[in-house]
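Student: Below is the file upload-v6.cif, with mmCIF, C-alpha atoms.
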data_coords
#
loop_
_atom_site.label_atom_id
_atom_site.label_comp_id
_atom_site.auth_asym_id
_atom_site.auth_seq_id
_atom_site.Cartn_x
_atom_site.Cartn_y
_atom_site.Cartn_z
CA GLN A 1 -8.98 13.75 -0.99
CA LEU A 2 -6.62 16.69 -1.31
CA PRO A 3 -6.73 19.47 1.30
CA GLY A 4 -9.37 22.05 0.42
CA SER A 5 -10.81 19.89 -2.36
CA ALA A 6 -14.34 18.64 -2.75
CA GLN A 7 -13.30 16.82 -5.94
CA GLN A 8 -13.82 13.07 -6.05
CA GLY A 9 -11.97 10.50 -8.14
CA ASN A 10 -8.28 9.71 -8.50
CA GLN A 11 -6.21 12.12 -6.49
CA ILE A 12 -2.63 11.02 -6.07
CA SER A 13 -0.16 12.31 -3.57
CA TYR A 14 2.99 11.06 -1.90
CA ILE A 15 3.93 10.99 1.75
CA GLY A 16 6.90 9.35 3.40
CA VAL A 17 5.99 7.08 6.30
CA ASN A 18 8.44 5.28 8.57
CA LEU A 19 7.51 1.58 8.65
CA CYS A 20 9.27 1.20 12.02
CA THR A 21 10.76 -2.18 11.16
CA ASP A 22 13.12 -1.76 14.11
CA ILE A 23 10.21 -2.19 16.55
CA GLU A 24 9.54 -5.86 17.26
CA ASP A 25 6.25 -5.63 19.16
CA PRO A 26 3.40 -5.55 16.58
CA LEU A 27 1.17 -3.16 18.57
CA GLU A 28 4.01 -0.76 19.31
CA ARG A 29 5.04 -0.92 15.64
CA MET A 30 1.49 -0.20 14.44
CA ALA A 31 1.20 2.73 16.85
CA ALA A 32 4.55 4.14 15.68
CA ILE A 33 3.57 3.75 12.02
CA GLY A 34 0.28 5.50 12.81
CA ARG A 35 2.13 8.40 14.41
CA SER A 36 4.45 8.67 11.41
CA ALA A 37 1.53 8.63 8.96
CA THR A 38 -0.40 11.19 11.03
CA ALA A 39 2.61 13.53 11.10
CA ALA A 40 3.15 13.14 7.33
CA LYS A 41 -0.54 13.82 6.63
CA ARG A 42 -0.47 16.84 8.97
CA ASP A 43 2.54 18.22 7.09
CA MET A 44 0.78 17.62 3.75
CA SER A 45 -2.45 19.23 4.94
CA ALA A 46 -0.52 22.40 5.78
CA LEU A 47 0.17 22.85 2.06
CA THR A 48 -2.20 24.49 -0.38
CA ARG A 49 -4.00 22.35 -2.94
CA PRO A 50 -1.82 23.67 -5.81
CA ALA A 51 1.33 22.91 -3.77
CA VAL A 52 0.18 19.33 -3.15
CA GLN A 53 -0.59 18.88 -6.84
CA THR A 54 2.79 20.35 -7.82
CA LEU A 55 4.56 18.02 -5.39
CA ALA A 56 2.78 15.01 -6.90
CA VAL A 57 3.63 16.10 -10.45
CA VAL A 58 7.30 16.74 -9.61
CA ALA A 59 7.63 13.41 -7.77
CA GLN A 60 5.92 11.43 -10.54
CA GLY A 61 7.77 13.33 -13.26
CA THR A 62 11.13 12.69 -11.62
CA ALA A 63 10.33 8.99 -11.25
CA ALA A 64 9.22 8.83 -14.89
CA LEU A 65 12.45 10.47 -16.10
CA ILE A 66 14.59 8.10 -14.00
CA ASN A 67 12.63 5.18 -15.42
CA HIS A 68 12.59 6.36 -19.06
CA PHE A 69 16.30 7.13 -19.22
CA HIS A 70 17.34 4.15 -17.04
CA LEU A 71 19.07 6.44 -14.56
CA SER A 72 18.50 4.33 -11.43
CA SER A 73 22.21 3.48 -11.21
CA VAL A 74 23.00 7.21 -11.07
CA LEU A 75 19.90 8.64 -9.37
CA LYS A 76 18.38 6.36 -6.78
CA PRO A 77 14.64 6.72 -6.26
CA PRO A 78 13.72 8.18 -2.87
CA ALA A 79 12.33 4.77 -1.84
CA ASN A 80 12.56 1.25 -3.17
CA LEU A 81 9.15 0.36 -1.73
CA VAL A 82 5.85 1.94 -2.69
CA LEU A 83 2.70 1.25 -0.70
CA SER A 84 -0.62 2.40 -2.11
CA ASN A 85 -4.11 2.38 -0.69
CA VAL A 86 -7.05 2.49 -3.06
CA PRO A 87 -10.23 2.88 -1.01
CA GLY A 88 -13.20 1.21 -2.61
CA PRO A 89 -16.91 0.96 -1.91
CA ARG A 90 -17.93 -0.12 1.57
CA THR A 91 -20.74 -2.27 0.24
CA ALA A 92 -20.74 -5.38 -1.91
CA LEU A 93 -20.72 -4.90 -5.68
CA TYR A 94 -22.59 -7.05 -8.18
CA LEU A 95 -22.51 -7.57 -11.93
CA MET A 96 -25.57 -9.24 -13.40
CA GLY A 97 -26.31 -10.76 -10.00
CA ALA A 98 -22.80 -12.11 -9.37
CA GLU A 99 -21.06 -10.70 -6.31
CA MET A 100 -17.55 -9.37 -6.69
CA VAL A 101 -15.41 -11.54 -4.41
CA GLY A 102 -12.04 -9.89 -4.92
CA SER A 103 -10.32 -6.87 -6.35
CA TYR A 104 -6.64 -7.66 -6.68
CA PRO A 105 -4.76 -4.55 -7.73
CA MET A 106 -1.68 -4.61 -9.90
CA SER A 107 0.54 -1.59 -10.02
CA MET A 108 3.96 -1.13 -11.57
CA LEU A 109 7.60 -0.89 -10.61
CA MET A 110 9.76 2.00 -11.64
CA ASP A 111 13.43 1.51 -12.43
CA GLY A 112 15.27 1.10 -9.12
CA GLN A 113 12.22 0.01 -7.11
CA ALA A 114 12.17 -3.41 -5.52
CA LEU A 115 8.58 -3.71 -4.31
CA ASN A 116 5.12 -2.25 -4.85
CA ILE A 117 2.25 -3.25 -2.60
CA THR A 118 -1.17 -1.89 -3.49
CA LEU A 119 -4.16 -2.40 -1.24
CA CYS A 120 -7.78 -2.22 -2.42
CA SER A 121 -10.71 -2.27 -0.05
CA HIS A 122 -14.32 -3.16 -0.67
CA ALA A 123 -17.19 -4.43 1.48
CA ASN A 124 -15.08 -4.88 4.65
CA GLN A 125 -12.41 -6.77 2.71
CA LEU A 126 -8.81 -5.92 1.90
CA ASP A 127 -7.11 -7.31 -1.20
CA PHE A 128 -3.39 -6.96 -1.76
CA GLY A 129 -1.50 -6.77 -5.03
CA ILE A 130 2.20 -7.51 -4.55
CA LEU A 131 4.68 -6.81 -7.34
CA GLY A 132 8.42 -7.14 -6.91
CA CYS A 133 11.69 -7.25 -8.76
CA ARG A 134 12.83 -10.88 -8.94
CA ASN A 135 16.47 -9.83 -8.60
CA ALA A 136 15.80 -7.92 -5.39
CA MET A 137 13.18 -10.34 -4.03
CA PRO A 138 13.65 -13.86 -5.44
CA ASP A 139 11.18 -15.35 -2.91
CA ILE A 140 8.43 -12.75 -3.26
CA GLU A 141 5.67 -15.36 -2.90
CA LEU A 142 6.74 -15.72 0.74
CA LEU A 143 5.76 -12.09 1.31
CA ALA A 144 2.07 -12.96 0.86
CA GLN A 145 2.45 -15.72 3.44
CA TYR A 146 4.23 -13.36 5.86
CA LEU A 147 1.54 -10.74 5.30
CA ARG A 148 -1.14 -13.23 6.29
CA GLU A 149 0.84 -14.35 9.34
CA ALA A 150 1.39 -10.77 10.48
CA PHE A 151 -2.31 -10.02 10.05
CA GLU A 152 -3.22 -13.12 12.06
CA ASP A 153 -0.84 -12.00 14.83
CA LEU A 154 -2.45 -8.57 14.96
CA ARG A 155 -5.94 -10.06 14.86
CA ALA A 156 -5.08 -12.39 17.75
CA ILE A 157 -3.78 -9.46 19.78
CA ALA A 158 -6.89 -7.42 18.97
CA ALA A 159 -9.13 -10.36 19.97
CA ILE A 160 -7.71 -10.19 23.48
CA ASP A 161 -9.23 -6.71 23.83
CA GLN A 162 -12.48 -7.44 22.01
CA PRO A 163 -13.95 -10.12 19.77
CA THR A 164 -13.74 -9.37 16.06
CA THR A 165 -15.28 -10.82 12.94
CA MET A 166 -12.63 -9.39 10.62
CA ALA A 167 -11.60 -11.92 8.00
CA ALA A 168 -7.97 -12.69 7.27
CA PRO A 169 -6.57 -11.40 3.98
CA LYS A 170 -7.16 -13.77 1.09
CA VAL A 171 -3.97 -14.94 -0.56
CA ARG A 172 -4.13 -16.07 -4.18
CA GLN A 173 -1.16 -18.12 -5.28
CA PRO A 174 0.71 -16.62 -8.20
CA THR A 175 0.21 -18.26 -11.55
CA THR A 176 3.10 -18.93 -13.87
#
Would it be possible to restate this file's structure as structure tokens?
Tutor:
Amino acid sequence: QLPGSAQQGNQISYIGVNLCTDIEDPLERMAAIGRSATAAKRDMSALTRPAVQTLAVVAQGTAALINHFHLSSVLKPPANLVLSNVPGPRTALYLMGAEMVGSYPMSMLMDGQALNITLCSHANQLDFGILGCRNAMPDIELLAQYLREAFEDLRAIAAIDQPTTMAAPKVRQPTT
């Protein structure tokens, strides 16, 4: 939700977050990423609602122009990785009595981007949609495996402090 807004629905904004890939320890890395995200959100919350909306329009418009005119060789996008979080309902959803068991998002790549990871949540579950440029990431299917392994590492570390019932991310194999 945008600062000062009671409006619900799709509200898109952009913040830059350091993924701290130089930090090997998973807990230290997560803490550093959290600090980076908190600082970015604090900076964003200092802006007025119109300023946040203008920033989103300018960022998206610039990306669209780069993409439309194939300018990525001249104007590099500010990042080659986009991570998105789409919060969903916290309870299970049903359609005609059938429970929804997954919500696998699929986003898009702009010209010059190598990877887009979109995360959807629902009913205490996280589903990941991973889309990548085959030239930049020829073994992209390994990323889903690494994501699961990293989650398992973090879950094992968290279990030392307290038992958890959190389920590991579900990985669907890509179809060809």
Student: Evaluate the PyMOL selection byres ((chain A and resi 105-112) around 7) on the structure here and hand back the selected residues as a ChimeraX atom specification.
Tutor: /A:66-67,70,72,76-77,80,103-104,113-116,118-120,128-129
Student: How far is it from atom CA of Ala98 of chain A to atom CA of Asn124 of chain A, in Å with one decimal?
Tutor: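 These two atoms are separated by 17.6 Å.
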Student: Provide the atom CA of Ala31 of chain A to atom CA of Val17 of chain A distance in Å, to one decimal place.
Tutor: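 Straight-line distance from atom CA of Ala31 of chain A to atom CA of Val17 of chain A works out to 12.4 Å.
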Student: Go ahead and compute the interatomic distance for atom CA of Gly102 of chain A and atom CA of Pro138 of chain A, in Å to one decimal.
Tutor: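 Separation between atom CA of Gly102 of chain A and atom CA of Pro138 of chain A: 26.0 Å.
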Student: Starting from the displayed file, determine the output of the PyMOL selection byres ((chain A and resi 36) around 9) and express the residue list as a ChimeraX atom specification.
Tutor: /A:16-20,31-35,37-41
Student: Go through A:Arg155, A:Thr48, A:Ile117, A:His122 and flag the residue nearest Leu143 of chain A, using all atoms listed in the file for the distances.
Tutor: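 When distances to Leu143 of chain A are compared using all atoms listed in the file, the smallest one comes from A:Ile117.
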